[in-house]
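Worksheet: one structure, shown below.
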Amino acid sequence: MDDLMSGVQNIAVGPDEADQRLDRWFRRRFPDLSHGRLEKLLRTGQVRVDGGRAKANTRLCTGQTVRVPPLDPVASDRPAPARPKPALRVSDSALKDLRAAILHQDDWLIAINKPAGLATQGGTGLTHHLDAMLDGLKRHPGEERPRLVHRLDKDTSGVLLLARSAAAARALTQAFRDRATRKVYWALVAGVPKPRAGTIRAALAKEGGAKGERMVWTEDDGKPAVTDYQVVDDAGPVSWLWMEPRTGRTHQLRAHAVVLGTPILGDGKYGGQGAFVGGIEVARRMHLHARLLALPHPAGGRLVIEAPLPPHMAEAFRSFGFQANDAPALEELP
């Protein structure tokens with residue numbers, strides 16, 4: 001009997017689950033499964049990672065597939081886990097828009113220009129997100145489902161990378177982990193940073209509040225976070241920055257822009273009223289764009305992908321007289 005008929009689940013490891021121990025992965029996804037029961041499933045080979053036996057302390061990578069056998073209440077001595085939710089229905093127009101956003105594709109990967117406002121993955125009350133549409137990027141029914149390699153905030157636009165297979169996902173995830181990739185963002189910010197170029201070294205930690213959980217600068221128990229930046233041009237109360245994160249903390253660029261004293265335009269969560277400059281006509285949306293991604297290709301060589309600006313940022317560029325050609329080339333960046 002095949003896995004589908006036997007009740008076995010094959011679950012892909014998401015980007016936010018990378019480098020997590022297998023037993024902790026199970027604890028988060030299947031909280032009713034006891035540790036003793038999991039150990040027995042591992043010893044008997046019923047739980048596998050990419051088809052191979054695994055141990056409780058096995059570290060997972062994005063794109064790997066975890067084989068989960070039926071977890072019935074008799075075997076686990078606990079209530080059976082809830083059945084997976086049915087797949088979300090994706091409209092034909094949404095899939096058409098997604099395919100039109102493809103910047104590059106080959107046998108290993110797909111790069112898309114994620115629009116601002118589209119969440120990468122689902123969450124509480126969120127039914128429209130990229131992860132739900134990935135089956136629409138398969139070239140034929142028998143092909144593996146594309147996998148997310150990294151994420152962008154819902155309101156951040158730009159280059160987002162997908163792997164076509166588990167093998168490609170492992171190679172690409174390793175490139176991110178080894179910092180062999182370069183990610184360049186363009187941002188419009190309120191004010192002009194001083195100095196006009198430099199490196200922000202400000203540790204970040206999560207903090208709750210009225211605006212929800214966010215990252216804040218701290219000198220105590222925060223995680224190290226480093227961002228290079230440079231003013232490309234400025235026009236009165238607004239500056240155009242390129243920003244390159246050297247670490248990968250949640251909301252790093254948004255928090256570091258506030259550390260500079262120049263919040264990203266439209267980012268009220270981090271910049272408050274300071275993110276909205278009076279007297280200028282720009283969309284009240286976040287002006288942060290993942291412009292460029294350079295990375296080693298799994299098949300060899302190096303791939304550089306650029307994403308054109310989203311409509312609201314393109315309009316802002318025209319309003320302030322900023323010219324995309326004025327941005328430094330990748331080779332000119334430090």
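Here's how to read the names in the structure tokens: chain A, B, ... by the order shown, residue numbers from 1 in each chain, ligand numbers from 1 in the order shown.
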- Item | Residue set, region 109-143 of chain A restricted to helix (DSSP H, G or I), as a PyMOL selection string | chain A and resi 130-137
Can I get the selection written as a compact mmCIF listing (two decimals), in the first residue's frame, with all heavy atoms?
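To be explicit, this is the file written out as again14.txt:
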```txt
# COMPACT_ATOMS: atom_id res chain seq x y z
N LEU A 130 1.58 32.95 -0.77
CA LEU A 130 2.36 32.33 -1.84
C LEU A 130 2.46 30.82 -1.67
O LEU A 130 2.35 30.07 -2.64
CB LEU A 130 3.77 32.95 -1.86
CG LEU A 130 4.75 32.35 -2.87
CD1 LEU A 130 4.23 32.54 -4.29
CD2 LEU A 130 6.12 33.00 -2.72
N ASP A 131 2.67 30.34 -0.46
CA ASP A 131 2.86 28.91 -0.23
C ASP A 131 1.69 28.09 -0.75
O ASP A 131 1.86 26.97 -1.22
CB ASP A 131 3.08 28.66 1.26
CG ASP A 131 3.58 27.25 1.54
OD1 ASP A 131 4.46 26.78 0.80
OD2 ASP A 131 3.09 26.61 2.49
N ALA A 132 0.49 28.67 -0.70
CA ALA A 132 -0.70 27.96 -1.17
C ALA A 132 -0.76 27.85 -2.69
O ALA A 132 -1.53 27.05 -3.23
CB ALA A 132 -1.96 28.65 -0.65
N MET A 133 0.06 28.62 -3.39
CA MET A 133 -0.01 28.66 -4.86
C MET A 133 1.12 27.91 -5.55
O MET A 133 1.19 27.87 -6.77
CB MET A 133 0.00 30.13 -5.32
CG MET A 133 -1.19 30.93 -4.83
SD MET A 133 -1.28 32.57 -5.62
CE MET A 133 -0.02 33.45 -4.71
N LEU A 134 2.04 27.31 -4.76
CA LEU A 134 3.25 26.76 -5.37
C LEU A 134 2.99 25.60 -6.30
O LEU A 134 3.78 25.36 -7.23
CB LEU A 134 4.24 26.36 -4.27
CG LEU A 134 4.78 27.53 -3.44
CD1 LEU A 134 5.82 27.05 -2.45
CD2 LEU A 134 5.36 28.62 -4.34
N ASP A 135 1.91 24.85 -6.09
CA ASP A 135 1.60 23.76 -7.03
C ASP A 135 1.39 24.30 -8.44
O ASP A 135 1.60 23.58 -9.42
CB ASP A 135 0.36 23.00 -6.57
CG ASP A 135 0.66 22.02 -5.45
OD1 ASP A 135 1.70 21.34 -5.53
OD2 ASP A 135 -0.11 21.95 -4.48
N GLY A 136 0.95 25.55 -8.54
CA GLY A 136 0.71 26.15 -9.84
C GLY A 136 1.97 26.42 -10.64
O GLY A 136 1.89 26.76 -11.82
N LEU A 137 3.15 26.27 -10.00
CA LEU A 137 4.42 26.48 -10.69
C LEU A 137 5.06 25.18 -11.15
O LEU A 137 6.14 25.20 -11.73
CB LEU A 137 5.39 27.24 -9.77
CG LEU A 137 4.97 28.66 -9.40
CD1 LEU A 137 5.99 29.30 -8.48
CD2 LEU A 137 4.79 29.52 -10.65
```
- Query: Counting only C-alpha atoms, what is within 10 Å of His35 (chain A), bar same-chain residues fewer than 2 positions away, as a PyMOL selection string?
  - Reply: chain A and resi 23-24+26-27+31-33+37-41+56+76
Convert the current residue selection to file output with N, CA, C and O atoms, as a PDB file, in the first residue's frame.
```pdb
ATOM      1  N   ASP A  23      13.243  16.174  16.869  1.00  0.00           N
ATOM      2  CA  ASP A  23      12.282  15.983  17.964  1.00  0.00           C
ATOM      3  C   ASP A  23      11.533  17.283  18.275  1.00  0.00           C
ATOM      4  O   ASP A  23      10.344  17.267  18.596  1.00  0.00           O
ATOM      5  N   ARG A  24      12.220  18.434  18.141  1.00  0.00           N
ATOM      6  CA  ARG A  24      11.538  19.705  18.372  1.00  0.00           C
ATOM      7  C   ARG A  24      10.560  20.027  17.245  1.00  0.00           C
ATOM      8  O   ARG A  24       9.527  20.648  17.468  1.00  0.00           O
ATOM      9  N   PHE A  26       8.829  17.799  15.663  1.00  0.00           N
ATOM     10  CA  PHE A  26       7.638  17.012  15.990  1.00  0.00           C
ATOM     11  C   PHE A  26       6.861  17.648  17.132  1.00  0.00           C
ATOM     12  O   PHE A  26       5.629  17.657  17.127  1.00  0.00           O
ATOM     13  N   ARG A  27       7.572  18.200  18.119  1.00  0.00           N
ATOM     14  CA  ARG A  27       6.896  18.785  19.263  1.00  0.00           C
ATOM     15  C   ARG A  27       6.018  19.955  18.842  1.00  0.00           C
ATOM     16  O   ARG A  27       4.937  20.177  19.377  1.00  0.00           O
ATOM     17  N   PRO A  31       2.031  18.193  18.924  1.00  0.00           N
ATOM     18  CA  PRO A  31       2.233  18.336  20.371  1.00  0.00           C
ATOM     19  C   PRO A  31       1.671  17.191  21.191  1.00  0.00           C
ATOM     20  O   PRO A  31       2.079  16.990  22.335  1.00  0.00           O
ATOM     21  N   ASP A  32       0.737  16.399  20.631  1.00  0.00           N
ATOM     22  CA  ASP A  32       0.150  15.293  21.378  1.00  0.00           C
ATOM     23  C   ASP A  32       0.969  14.004  21.285  1.00  0.00           C
ATOM     24  O   ASP A  32       0.624  13.008  21.921  1.00  0.00           O
ATOM     25  N   LEU A  33       2.024  14.011  20.518  1.00  0.00           N
ATOM     26  CA  LEU A  33       2.879  12.822  20.394  1.00  0.00           C
ATOM     27  C   LEU A  33       3.918  12.835  21.507  1.00  0.00           C
ATOM     28  O   LEU A  33       4.697  13.784  21.635  1.00  0.00           O
ATOM     29  N   ARG A  37       7.051   7.748  22.440  1.00  0.00           N
ATOM     30  CA  ARG A  37       6.471   7.210  21.214  1.00  0.00           C
ATOM     31  C   ARG A  37       7.298   7.620  20.002  1.00  0.00           C
ATOM     32  O   ARG A  37       7.544   6.799  19.096  1.00  0.00           O
ATOM     33  N   LEU A  38       7.767   8.872  19.970  1.00  0.00           N
ATOM     34  CA  LEU A  38       8.600   9.326  18.865  1.00  0.00           C
ATOM     35  C   LEU A  38       9.889   8.520  18.793  1.00  0.00           C
ATOM     36  O   LEU A  38      10.320   8.102  17.706  1.00  0.00           O
ATOM     37  N   GLU A  39      10.518   8.271  19.944  1.00  0.00           N
ATOM     38  CA  GLU A  39      11.761   7.490  19.966  1.00  0.00           C
ATOM     39  C   GLU A  39      11.525   6.096  19.387  1.00  0.00           C
ATOM     40  O   GLU A  39      12.368   5.568  18.655  1.00  0.00           O
ATOM     41  N   LYS A  40      10.385   5.488  19.702  1.00  0.00           N
ATOM     42  CA  LYS A  40      10.082   4.156  19.164  1.00  0.00           C
ATOM     43  C   LYS A  40       9.896   4.216  17.651  1.00  0.00           C
ATOM     44  O   LYS A  40      10.388   3.341  16.917  1.00  0.00           O
ATOM     45  N   LEU A  41       9.210   5.238  17.181  1.00  0.00           N
ATOM     46  CA  LEU A  41       9.020   5.390  15.735  1.00  0.00           C
ATOM     47  C   LEU A  41      10.355   5.589  15.020  1.00  0.00           C
ATOM     48  O   LEU A  41      10.554   5.096  13.898  1.00  0.00           O
ATOM     49  N   ALA A  56      16.598  11.606  16.947  1.00  0.00           N
ATOM     50  CA  ALA A  56      15.875  12.735  17.531  1.00  0.00           C
ATOM     51  C   ALA A  56      16.638  14.038  17.375  1.00  0.00           C
ATOM     52  O   ALA A  56      16.052  15.105  17.216  1.00  0.00           O
ATOM     53  N   SER A  76      -0.124   6.270  20.494  1.00  0.00           N
ATOM     54  CA  SER A  76       0.508   7.397  21.165  1.00  0.00           C
ATOM     55  C   SER A  76       0.003   7.631  22.577  1.00  0.00           C
ATOM     56  O   SER A  76       0.566   8.415  23.316  1.00  0.00           O
TER      57      SER A  76
END
```
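The closest residue to His129 (chain A), picked from A:Lys154, A:Val68, A:Ala275, A:Pro146 and counting only C-alpha atoms, is A:Lys154.
Taking CA of Pro195 (chain A) and CA of Ala235 (chain A) as endpoints, the distance between them is 16.2 Å.
Taking only C-alpha atoms into account, Val277 (chain A) lies nearest to A:Leu188 out of the set A:Gln252, A:Val216, A:Leu188, A:Gly301.
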Would you give me, as a Markdown table, each residue of region 80-159 of chain A having an atom within 12 Å of an atom of region 310-327 of chain A, along with its shortest atom pair and that distance in Å to one decimal, using only C-alpha atoms and sorting by chain and residue number?
```
| residue | atom | partner | partner_atom | distance |
| --- | --- | --- | --- | --- |
| A:Ala101 | CA | A:Pro310 | CA | 11.0 |
| A:Asn113 | CA | A:Pro310 | CA | 8.8 |
| A:Lys114 | CA | A:Pro310 | CA | 9.0 |
| A:Pro115 | CA | A:Pro310 | CA | 6.8 |
| A:Ala116 | CA | A:Pro310 | CA | 7.2 |
| A:Gly117 | CA | A:Pro310 | CA | 10.7 |
| A:Asp155 | CA | A:Pro310 | CA | 10.9 |
| A:Thr156 | CA | A:Pro310 | CA | 9.7 |
| A:Ser157 | CA | A:Pro310 | CA | 6.9 |
| A:Gly158 | CA | A:Pro310 | CA | 7.9 |
| A:Val159 | CA | A:Pro310 | CA | 11.3 |
```
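Here the question is which of A:Leu103, A:Val304, A:Ala187, A:Leu172 gets nearest to Pro263 (chain A) using only C-alpha atoms, and that residue is A:Ala187.
In this structure, CA of Gly272 (chain A) sits 25.6 Å away from CA of Arg246 (chain A).
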